[in-house]
file my_file-v5.txt (compact mmCIF, C-alpha atoms)
# COMPACT_ATOMS: atom_id res chain seq x y z
CA MET C 1 31.94 -5.02 7.01
CA CYS C 2 29.21 -3.04 8.81
CA THR C 3 29.79 0.72 9.19
CA SER C 4 28.42 2.42 12.29
CA HIS C 5 25.20 4.43 12.15
CA PRO C 6 23.33 5.72 15.23
CA ASP C 7 20.01 4.33 13.99
CA ARG C 8 21.34 1.12 12.54
CA ASP C 9 23.89 -0.37 14.99
CA GLU C 10 21.32 -2.89 16.24
CA VAL C 11 20.25 -3.69 12.69
CA CYS C 12 23.89 -4.28 11.67
CA LEU C 13 24.36 -6.78 14.49
CA ASP C 14 21.07 -8.45 13.57
CA ALA C 15 22.15 -8.64 9.92
CA PHE C 16 25.32 -10.55 10.77
CA ALA C 17 23.36 -12.95 12.99
CA LEU C 18 20.59 -13.43 10.45
CA LEU C 19 22.92 -14.13 7.54
CA THR C 20 24.84 -16.79 9.44
CA VAL C 21 21.69 -18.78 10.31
CA THR C 22 21.02 -22.10 8.57
CA PRO C 23 17.22 -22.06 8.11
CA GLY C 24 17.01 -25.83 7.72
CA GLU C 25 18.23 -26.29 11.29
CA LEU C 26 15.49 -24.13 12.81
CA ALA C 27 12.21 -25.34 14.28
CA ASP C 28 9.02 -24.27 12.50
CA GLU C 29 8.41 -21.22 14.66
CA GLY C 30 12.04 -20.23 14.26
CA VAL C 31 11.70 -20.33 10.47
CA ARG C 32 8.61 -18.12 10.63
CA ARG C 33 10.42 -15.57 12.77
CA HIS C 34 13.57 -15.79 10.62
CA VAL C 35 11.66 -15.04 7.40
CA ARG C 36 9.96 -12.01 8.98
CA ASP C 37 13.29 -10.72 10.29
CA LEU C 38 14.93 -11.12 6.89
CA HIS C 39 12.18 -9.10 5.23
CA ARG C 40 12.63 -6.33 7.79
CA LEU C 41 16.35 -6.42 7.11
CA ARG C 42 15.67 -6.15 3.38
CA ALA C 43 13.50 -3.08 4.02
CA VAL C 44 16.36 -1.48 5.98
CA LEU C 45 18.88 -2.33 3.24
CA ASP C 46 16.57 -0.95 0.55
CA ALA C 47 16.30 2.31 2.49
CA ALA C 48 20.08 2.46 2.95
CA ILE C 49 20.61 1.97 -0.80
CA VAL C 50 18.17 4.77 -1.63
CA GLU C 51 19.81 7.08 0.91
CA ALA C 52 23.28 6.38 -0.47
CA THR C 53 21.98 6.87 -4.01
CA GLY C 54 20.71 10.27 -2.92
CA VAL C 55 24.19 11.24 -1.77
CA LEU C 56 25.67 9.97 -5.04
CA ASP C 57 23.15 12.10 -6.92
CA GLY C 58 23.28 15.18 -4.68
CA ARG C 59 27.08 15.49 -4.76
CA MET C 60 27.15 14.66 -8.48
CA ILE C 61 29.73 11.96 -7.76
CA TRP C 62 28.57 10.22 -10.93
CA ALA C 63 29.94 13.12 -13.00
CA GLY C 64 33.47 12.22 -11.89
CA ASP C 65 33.12 9.00 -13.93
CA ALA C 66 31.85 10.92 -16.97
CA ALA C 67 28.39 9.37 -16.65
CA ARG C 68 25.43 11.18 -18.20
CA SER C 69 23.41 11.03 -14.96
CA ALA C 70 23.15 9.27 -11.63
CA GLY C 71 20.67 6.84 -13.19
CA ALA C 72 23.04 6.06 -16.04
CA TRP C 73 25.90 5.53 -13.56
CA LEU C 74 23.78 3.02 -11.61
CA ALA C 75 22.56 1.13 -14.67
CA ALA C 76 26.14 0.63 -15.82
CA ARG C 77 27.44 -0.62 -12.49
CA VAL C 78 24.70 -2.50 -10.62
CA ASP C 79 22.07 -5.07 -11.59
CA ALA C 80 19.31 -2.56 -12.39
CA MET C 81 17.47 -1.82 -15.60
CA PRO C 82 17.83 1.80 -16.77
CA GLY C 83 14.23 2.63 -15.86
CA ALA C 84 14.61 1.14 -12.37
CA ALA C 85 17.87 3.03 -11.87
CA ARG C 86 16.20 6.33 -12.78
CA HIS C 87 13.34 5.53 -10.41
CA GLU C 88 15.85 4.93 -7.61
CA VAL C 89 17.31 8.39 -8.12
CA ARG C 90 13.88 10.07 -8.26
CA LEU C 91 12.85 8.29 -5.07
CA ALA C 92 15.99 9.46 -3.29
CA ARG C 93 15.20 13.04 -4.30
CA ASP C 94 11.57 12.79 -3.20
CA LEU C 95 12.49 11.32 0.19
CA ARG C 96 14.57 14.41 1.00
CA ASP C 97 11.23 16.21 1.40
CA ALA C 98 9.47 13.30 3.14
CA PRO C 99 11.47 12.83 6.36
CA VAL C 100 8.85 10.76 8.20
CA VAL C 101 8.62 8.25 5.35
CA ALA C 102 12.42 8.13 5.07
CA GLU C 103 12.84 7.48 8.80
CA ALA C 104 10.19 4.72 8.80
CA ALA C 105 12.02 3.09 5.89
CA ARG C 106 15.40 3.38 7.64
CA THR C 107 14.10 1.53 10.70
CA GLY C 108 12.31 -1.16 8.68
CA ARG C 109 8.74 -0.09 9.57
CA LEU C 110 7.99 0.45 5.88
CA GLY C 111 9.10 -1.86 3.10
CA ARG C 112 9.99 -0.61 -0.35
CA VAL C 113 6.54 -1.38 -1.81
CA LYS C 114 4.85 0.89 0.74
CA VAL C 115 7.45 3.63 0.32
CA ASP C 116 6.81 3.63 -3.42
CA ALA C 117 3.04 3.73 -2.85
CA LEU C 118 3.36 6.72 -0.51
CA MET C 119 5.49 8.63 -2.96
CA GLU C 120 3.11 7.88 -5.84
CA VAL C 121 0.25 9.78 -4.14
CA ARG C 122 2.56 12.73 -3.37
CA THR C 123 1.65 14.38 -6.66
CA PRO C 124 2.57 18.05 -7.33
CA GLU C 125 -0.80 19.48 -6.34
CA LEU C 126 -0.78 17.53 -3.04
CA ILE C 127 2.77 18.19 -1.82
CA GLU C 128 1.67 20.57 0.94
CA VAL C 129 -1.23 18.39 2.08
CA PHE C 130 1.03 15.32 2.07
CA ALA C 131 3.57 17.14 4.25
CA GLU C 132 0.84 18.07 6.75
CA GLN C 133 -0.47 14.51 7.01
CA GLU C 134 2.75 12.56 6.43
CA ALA C 135 3.00 11.20 9.99
CA TYR C 136 -0.66 10.11 9.93
CA LEU C 137 -0.24 8.37 6.56
CA VAL C 138 2.88 6.51 7.68
CA GLU C 139 1.16 5.34 10.87
CA GLU C 140 -1.83 3.96 8.95
CA VAL C 141 0.13 2.41 6.07
CA ALA C 142 2.64 0.68 8.37
CA ALA C 143 -0.14 -1.43 9.91
CA LEU C 144 -1.70 -2.57 6.63
CA ARG C 145 -0.99 -5.24 4.04
CA ALA C 146 0.78 -3.80 1.02
CA ASP C 147 -2.23 -4.14 -1.31
CA GLU C 148 -4.61 -2.59 1.21
CA ALA C 149 -2.12 0.21 1.90
CA ARG C 150 -2.24 1.13 -1.78
CA ARG C 151 -6.06 1.24 -1.76
CA PHE C 152 -6.02 3.31 1.44
CA LEU C 153 -3.64 5.80 -0.19
CA GLN C 154 -5.80 5.99 -3.31
CA SER C 155 -8.75 6.93 -1.09
CA TRP C 156 -6.69 9.55 0.71
CA GLN C 157 -5.51 11.02 -2.59
CA GLN C 158 -9.10 11.27 -3.82
CA PHE C 159 -10.30 13.01 -0.63
CA ALA C 160 -7.27 15.33 -0.59
CA ARG C 161 -7.86 16.47 -4.16
CA LEU C 162 -11.50 17.19 -3.44
CA ALA C 163 -10.55 19.10 -0.29
CA ILE C 164 -8.30 21.52 -2.18
CA ASP C 165 -10.64 21.73 -5.18
CA SER C 166 -7.98 20.23 -7.41
CA VAL C 167 -10.23 17.82 -9.28
CA ASP C 168 -12.98 18.29 -11.83
CA PRO C 169 -16.00 16.28 -10.55
CA ASP C 170 -16.95 15.47 -14.13
CA GLY C 171 -13.53 14.33 -15.29
CA PRO C 172 -10.58 12.14 -14.27
CA PRO C 173 -8.24 13.42 -11.53
CA PRO C 174 -5.17 15.31 -12.78
CA GLY C 175 -2.14 13.32 -13.74
CA GLU C 176 -3.91 9.97 -13.93
CA ALA C 177 -3.45 7.51 -16.78
CA PRO C 178 -6.13 7.20 -19.50
CA ARG C 179 -9.39 5.54 -18.43
CA VAL C 180 -8.82 2.65 -20.82
CA ALA C 181 -5.78 1.83 -22.95
CA VAL C 182 -5.27 -1.50 -24.74
CA ASN C 183 -2.48 -2.51 -27.09
CA LEU C 184 -2.47 -5.61 -29.32
CA ALA C 185 0.81 -6.23 -31.12
CA GLN C 186 1.92 -9.10 -33.36
CA THR C 187 5.35 -10.67 -32.86
CA PHE C 188 7.73 -11.88 -35.57
CA GLN C 189 6.54 -15.44 -34.84
CA GLY C 190 2.95 -14.47 -35.64
CA ARG C 191 1.74 -14.57 -32.02
CA TYR C 192 -0.03 -11.61 -30.43
CA VAL C 193 0.83 -9.75 -27.21
CA LEU C 194 -2.08 -8.06 -25.42
CA ASP C 195 -1.47 -5.52 -22.67
CA GLY C 196 -3.17 -2.44 -21.32
CA GLU C 197 -4.42 -0.58 -18.29
CA MET C 198 -7.84 0.56 -17.06
CA ASP C 199 -9.32 2.73 -14.37
CA PRO C 200 -11.09 0.98 -11.45
CA GLU C 201 -14.53 1.16 -13.08
CA HIS C 202 -13.63 -0.37 -16.44
CA GLY C 203 -11.17 -2.82 -14.91
CA ALA C 204 -13.89 -4.16 -12.59
CA ILE C 205 -16.26 -4.58 -15.55
CA VAL C 206 -13.73 -6.50 -17.64
CA ARG C 207 -12.64 -8.71 -14.74
CA SER C 208 -16.24 -9.54 -13.82
CA VAL C 209 -17.10 -10.54 -17.40
CA ILE C 210 -14.02 -12.77 -17.65
CA ASP C 211 -14.67 -14.32 -14.22
CA ALA C 212 -18.27 -15.07 -15.22
CA GLU C 213 -17.04 -16.82 -18.37
CA VAL C 214 -14.46 -18.87 -16.41
CA ASP C 215 -17.23 -19.93 -13.99
CA ASP C 216 -19.42 -21.02 -16.90
CA MET C 217 -16.58 -22.96 -18.55
CA PHE C 218 -16.02 -24.85 -15.29
CA ARG C 219 -19.76 -25.62 -15.03
CA THR C 220 -19.91 -26.93 -18.59
CA GLY C 221 -16.76 -29.06 -18.21
CA VAL C 222 -14.52 -27.06 -20.54
CA PHE C 223 -12.24 -26.41 -17.59
CA GLY C 224 -11.48 -28.82 -14.77
CA PRO C 225 -9.17 -29.14 -11.78
CA ASP C 226 -6.82 -31.45 -13.73
CA ASP C 227 -6.88 -29.69 -17.11
CA GLY C 228 -3.25 -28.56 -16.77
CA LEU C 229 -4.12 -24.91 -17.42
CA THR C 230 -2.85 -22.01 -15.37
CA PRO C 231 -5.24 -19.25 -14.22
CA PRO C 232 -3.87 -16.80 -16.85
CA GLU C 233 -4.44 -19.44 -19.57
CA ARG C 234 -8.03 -19.95 -18.43
CA ARG C 235 -8.64 -16.20 -18.37
CA GLY C 236 -7.19 -15.92 -21.86
CA GLN C 237 -9.45 -18.62 -23.27
CA ALA C 238 -12.44 -17.10 -21.48
CA LEU C 239 -11.70 -13.67 -22.95
CA VAL C 240 -11.62 -15.11 -26.45
CA GLN C 241 -14.97 -16.84 -25.89
CA VAL C 242 -16.53 -13.60 -24.63
CA LEU C 243 -15.31 -11.66 -27.64
CA VAL C 244 -16.48 -14.33 -30.07
CA ARG C 245 -19.95 -14.37 -28.53
CA LYS C 246 -20.01 -10.57 -27.85
CA GLY C 247 -20.65 -10.89 -24.14
CA ARG C 248 -22.65 -12.95 -21.67
CA VAL C 249 -24.63 -12.31 -18.50
CA GLY C 250 -23.10 -14.44 -15.74
CA ILE C 251 -24.71 -16.14 -12.76
CA LYS C 252 -23.22 -16.23 -9.25
CA ASN C 253 -24.92 -17.74 -6.17
CA GLY C 254 -28.22 -17.91 -8.06
CA GLU C 255 -28.20 -14.22 -8.98
CA ILE C 256 -27.24 -12.33 -12.13
CA ARG C 257 -23.56 -11.56 -11.86
CA PRO C 258 -23.20 -7.77 -12.20
CA SER C 259 -20.70 -6.18 -14.55
CA ILE C 260 -19.52 -4.00 -11.68
CA GLU C 261 -20.41 -3.94 -7.98
CA VAL C 262 -20.24 -0.68 -6.05
CA ILE C 263 -20.61 -0.31 -2.28
CA VAL C 264 -21.84 3.11 -1.14
CA ASP C 265 -23.21 4.35 2.18
CA GLU C 266 -26.64 5.97 2.46
CA ARG C 267 -25.44 9.55 3.10
CA THR C 268 -23.12 9.52 0.09
CA LEU C 269 -25.90 7.95 -1.98
CA LEU C 270 -28.19 10.83 -1.02
CA ASP C 271 -25.44 13.35 -1.86
CA ILE C 272 -25.36 14.73 1.70
CA PRO C 273 -22.21 16.89 2.18
CA ILE C 274 -19.51 15.62 4.54
CA GLU C 275 -19.77 17.44 7.86
CA ASP C 276 -16.62 16.47 9.77
CA ASP C 277 -13.97 13.76 10.21
CA ALA C 278 -16.39 11.49 12.10
CA ASP C 279 -18.80 11.70 9.18
CA GLN C 280 -15.94 11.02 6.78
CA GLN C 281 -15.02 7.86 8.68
CA SER C 282 -18.47 6.43 7.95
CA ARG C 283 -18.42 7.16 4.21
CA VAL C 284 -17.92 4.37 1.66
CA CYS C 285 -17.77 4.70 -2.13
CA GLN C 286 -15.80 1.86 -3.68
CA THR C 287 -15.91 -1.21 -5.87
CA ARG C 288 -16.42 -4.64 -4.31
CA ASP C 289 -12.66 -5.20 -3.89
CA GLY C 290 -12.22 -1.90 -2.00
CA THR C 291 -10.90 0.28 -4.81
CA PRO C 292 -12.24 3.83 -4.28
CA ILE C 293 -14.19 5.51 -7.08
CA PRO C 294 -15.26 9.16 -7.40
CA VAL C 295 -18.79 9.98 -6.25
CA PRO C 296 -19.78 11.32 -9.71
CA THR C 297 -18.81 7.95 -11.21
CA MET C 298 -20.99 6.15 -8.66
CA GLN C 299 -23.90 8.47 -9.44
CA ARG C 300 -23.59 7.76 -13.17
CA LEU C 301 -23.50 3.99 -12.56
CA LEU C 302 -26.72 4.24 -10.54
CA CYS C 303 -28.63 5.17 -13.69
CA GLU C 304 -28.77 1.49 -14.70
CA ALA C 305 -28.10 -0.20 -11.36
CA VAL C 306 -29.87 -2.81 -9.27
CA LEU C 307 -29.72 -1.75 -5.62
CA HIS C 308 -29.31 -4.05 -2.60
CA ARG C 309 -29.26 -2.84 0.97
CA VAL C 310 -26.68 -4.21 3.42
CA LEU C 311 -27.59 -2.86 6.85
CA VAL C 312 -25.93 -3.36 10.22
CA ASN C 313 -28.48 -4.31 12.88
CA ALA C 314 -31.20 -3.86 10.24
CA LYS C 315 -34.76 -5.00 10.87
CA SER C 316 -35.76 -5.06 7.21
CA GLU C 317 -33.36 -7.83 6.19
CA VAL C 318 -32.95 -11.08 8.10
CA LEU C 319 -29.29 -11.45 9.05
CA ASP C 320 -29.85 -13.89 11.94
CA LEU C 321 -31.56 -17.19 11.11
CA GLY C 322 -30.96 -19.09 14.38
CA LEU C 323 -30.98 -22.89 14.30
CA ASP C 324 -33.91 -23.32 11.91
CA VAL C 325 -31.78 -22.83 8.79
CA ARG C 326 -28.32 -24.25 8.09
CA LEU C 327 -27.24 -22.29 5.00
CA ALA C 328 -26.55 -18.56 4.97
CA ASN C 329 -28.98 -16.55 2.88
CA ARG C 330 -28.12 -13.98 0.22
CA ALA C 331 -28.48 -11.04 2.60
CA GLN C 332 -25.99 -12.63 4.99
CA ARG C 333 -23.52 -13.36 2.18
CA ARG C 334 -23.75 -9.75 1.02
CA ALA C 335 -23.22 -8.52 4.59
CA LEU C 336 -20.21 -10.82 5.08
CA ALA C 337 -18.70 -9.65 1.79
CA PHE C 338 -19.17 -6.01 2.80
CA LEU C 339 -17.79 -6.48 6.32
CA HIS C 340 -14.79 -8.69 5.53
CA ARG C 341 -14.23 -8.34 1.76
CA GLY C 342 -12.83 -11.86 1.41
CA CYS C 343 -11.46 -14.97 3.10
CA GLN C 344 -10.88 -14.36 6.81
CA PHE C 345 -8.19 -17.02 7.26
CA PRO C 346 -4.99 -15.23 8.34
CA GLY C 347 -2.86 -14.22 5.36
CA CYS C 348 -5.39 -15.18 2.66
CA SER C 349 -6.23 -12.61 -0.01
CA ALA C 350 -9.01 -14.54 -1.81
CA PRO C 351 -11.92 -12.20 -2.69
CA ALA C 352 -15.44 -12.70 -1.37
CA SER C 353 -16.60 -14.13 -4.71
CA TRP C 354 -14.34 -17.17 -4.08
CA CYS C 355 -15.64 -17.75 -0.56
CA GLU C 356 -18.27 -19.76 1.28
CA ALA C 357 -20.04 -18.93 4.55
CA HIS C 358 -18.71 -21.09 7.41
CA HIS C 359 -20.13 -21.62 10.91
CA ILE C 360 -17.48 -20.71 13.50
CA GLU C 361 -19.27 -22.78 16.12
CA PRO C 362 -20.40 -25.93 14.25
CA TYR C 363 -24.08 -26.06 13.32
CA ASP C 364 -25.77 -28.59 15.64
CA PRO C 365 -29.51 -28.05 16.13
CA SER C 366 -29.81 -31.15 18.31
CA ASN C 367 -27.59 -29.53 20.93
CA LYS C 368 -28.84 -26.02 20.11
CA THR C 369 -25.40 -24.76 19.15
CA GLY C 370 -23.96 -23.09 16.08
CA PRO C 371 -26.75 -20.78 14.92
CA THR C 372 -26.80 -19.42 11.38
CA ASP C 373 -26.36 -15.85 12.62
CA LEU C 374 -24.04 -13.21 11.27
CA ALA C 375 -21.96 -13.23 14.48
CA ASN C 376 -21.35 -16.98 14.05
CA LEU C 377 -20.46 -16.83 10.34
CA CYS C 378 -17.21 -16.09 8.58
CA LEU C 379 -15.98 -16.17 4.99
CA LEU C 380 -13.54 -18.89 3.95
CA CYS C 381 -12.25 -19.60 0.47
CA ARG C 382 -12.65 -23.17 -0.73
CA PHE C 383 -9.00 -24.01 0.02
CA HIS C 384 -9.15 -22.81 3.64
CA HIS C 385 -12.65 -24.21 4.11
CA HIS C 386 -11.21 -27.64 3.42
CA ARG C 387 -8.24 -26.95 5.71
CA VAL C 388 -10.61 -26.12 8.57
CA HIS C 389 -12.81 -29.20 8.09
CA GLU C 390 -10.31 -31.82 6.91
CA GLY C 391 -7.08 -30.24 8.18
CA ARG C 392 -8.40 -29.83 11.74
CA PHE C 393 -7.64 -26.12 12.03
CA HIS C 394 -9.86 -24.59 14.73
CA LEU C 395 -11.71 -21.26 14.56
CA ALA C 396 -13.03 -19.24 17.48
CA ARG C 397 -14.39 -15.75 18.02
CA GLY C 398 -12.13 -13.73 20.31
CA PRO C 399 -13.34 -11.48 23.15
CA ASN C 400 -13.05 -8.39 20.93
CA GLY C 401 -14.88 -10.03 18.04
CA THR C 402 -11.80 -10.93 16.00
CA LEU C 403 -11.46 -14.35 14.39
CA GLN C 404 -8.83 -16.55 16.05
CA VAL C 405 -7.29 -19.51 14.21
CA HIS C 406 -5.36 -22.36 15.82
CA ARG C 407 -3.27 -25.04 14.15
CA PRO C 408 -4.09 -28.73 14.72
CA ASP C 409 -1.50 -28.80 17.53
CA GLY C 410 -3.33 -25.96 19.31
CA THR C 411 -0.79 -23.20 18.65
CA PRO C 412 -2.33 -19.93 17.40
CA ILE C 413 -1.60 -18.49 13.97
CA ASP C 414 -0.31 -14.95 14.33
CA ARG C 415 -2.70 -12.26 13.19
CA CYS C 416 -1.65 -10.88 9.81
CA ARG C 417 -2.02 -7.34 8.62
CA PRO C 418 -5.67 -6.43 8.04
CA ARG C 419 -7.27 -6.63 4.60
CA ARG C 420 -8.40 -3.02 4.87
CA PRO C 421 -7.78 -0.06 7.19
CA THR C 422 -9.73 0.10 10.43
CA ILE C 423 -9.60 3.88 10.09
CA LYS C 424 -10.53 5.52 6.82
CA PRO C 425 -8.45 8.40 5.40
CA THR C 426 -8.95 11.69 7.21
CA ARG C 427 -10.24 14.40 4.93
CA PRO C 428 -7.89 17.43 4.84
CA ASP C 429 -9.28 20.82 5.87
CA ARG C 430 -11.64 21.93 3.11
CA SER C 431 -10.86 25.57 3.82
CA ARG C 432 -7.28 25.18 2.64
CA PRO C 433 -6.35 27.39 -0.28
CA THR C 434 -5.61 25.69 -3.56
CA THR C 435 -1.96 24.69 -3.79
CA PRO C 436 -0.28 26.77 -6.52
call {"tool": "encode", "arguments": {"input": "my_file-v5.txt", "output": "structure tokens"}}
result
Amino acid sequence: MCTSHPDRDEVCLDAFALLTVTPGELADEGVRRHVRDLHRLRAVLDAAIVEATGVLDGRMIWAGDAARSAGAWLAARVDAMPGAARHEVRLARDLRDAPVVAEAARTGRLGRVKVDALMEVRTPELIEVFAEQEAYLVEEVAALRADEARRFLQSWQQFARLAIDSVDPDGPPPGEAPRVAVNLAQTFQGRYVLDGEMDPEHGAIVRSVIDAEVDDMFRTGVFGPDDGLTPPERRGQALVQVLVRKGRVGIKNGEIRPSIEVIVDERTLLDIPIEDDADQQSRVCQTRDGTPIPVPTMQRLLCEAVLHRVLVNAKSEVLDLGLDVRLANRAQRRALAFLHRGCQFPGCSAPASWCEAHHIEPYDPSNKTGPTDLANLCLLCRFHHHRVHEGRFHLARGPNGTLQVHRPDGTPIDRCRPRRPTIKPTRPDRSRPTTP
């Protein structure tokens, strides 16, 4: 039975229609639309559950059943682990003071993953700043992929803390987990369980070392496409090899593979203060995968860094090679990685290190078409590179510069949410007093 709600009457009717559909009877496009609609419905249902949980908690209805708390009441009556039940109650409480987020969740604009990410950056020292910029944050996050939304919010949190002078430039931000924490425990069967967490800097270093070892083990034939190993198993074996040998310098695309790659703009590199929002929009200080890092961390890493310039419309690096050269050079690959971060095929999340440069218009010097210029190049992971060449998917550059992809039958693939925000986080007013 569907109870009436002024904001949800249409959703209730949609829910009944969606749940009576037999997906196997739909055409391909119908299945695509049906899956998207079901996910939006799940977002609405998640929001309704949290809202109802808030009422259960606020009225202390759980006490009438002699439960210790609202979380304990939930854990005993629904399929939720105790920790998840407590999180549900905390989220309901937090959303009482975040009406814009709550409304976006109620209407299905924000899924549960994004709601959680928004609430995670609403730390005690940023409650007032979050309230001031809540509508802006919701608007930006709603348009992004879930993983990019989390990175965007991490950047905003960093800028917001700096704006209210709530962070020590020489130390980790308040309330964050330890920089590095690793636990190695032995089970009763004699096996070991390894788990831990790291900040962006150390995590990037460890991942790069392991990736370099996996690459080397593929080159030497230790690993192969038919070895029956899963990616986690390969990473595990590579980690053991690294520890046994005490480290290795890796090679990628003919260059030494760095332990960590940081992208920073020239003004930040020169430590020029941020002047206004327009200046803030142009600032970049992040690892290769887009994870923001504090400027002091970047400055420390520069002490032993090798610098490469990636310039837009630069004259000092050749980014356009015309028809004389077929393969993209290193400068072009670095520029593509900076501009697009990874595979540009819609919906793919493969990082730039997995990708190859592909000519959008096929390279054909005899007909003087398909130049090896940055505007005619895109990044494709190996899987999608094969799909384009052997699977007859067609790429084209749209009138606004976006990459358009068509299936073999000519129908376009819908644009997915972007890999990263088109607008960077707005820096809160630096003149704000410190939040007590």
call {"tool": "atom_distance", "arguments": {"input": "my_file-v5.txt", "atom1": "CA of Gly391 (chain C)", "atom2": "CA of Arg407 (chain C)"}}
result
8.8 Å
call {"tool": "residues_around", "arguments": {"input": "my_file-v5.txt", "residues": "Pro408 (chain C)", "least_positions_apart": "2", "cutoff": "6 Å", "atoms": "only C-alpha atoms", "output": "number ranges by chain"}}
result
C: 392-393, 410
call {"tool": "closest_residue", "arguments": {"input": "my_file-v5.txt", "among": "C:Asn329, C:Thr187, C:Ser349, C:Asn400", "to": "Leu377 (chain C)", "atoms": "all atoms listed in the file"}}
result
C:Asn329
call {"tool": "atom_distance", "arguments": {"input": "my_file-v5.txt", "atom1": "CA of Leu38 (chain C)", "atom2": "CA of Phe16 (chain C)"}}
result
11.1 Å
call {"tool": "closest_residue", "arguments": {"input": "my_file-v5.txt", "among": "C:Ala163, C:Ala328, C:Asp65, C:His389", "to": "Ile274 (chain C)", "atoms": "all atoms listed in the file"}}
result
C:Ala163
call {"tool": "atom_distance", "arguments": {"input": "my_file-v5.txt", "atom1": "CA of Ala375 (chain C)", "atom2": "CA of Thr411 (chain C)"}}
result
23.8 Å
call {"tool": "residues_around", "arguments": {"input": "my_file-v5.txt", "residues": "Gln404 (chain C)", "least_positions_apart": "2", "cutoff": "9 Å", "atoms": "only C-alpha atoms", "output": "ChimeraX atom specification"}}
result
/C:345-346,394-398,402,406,412-415
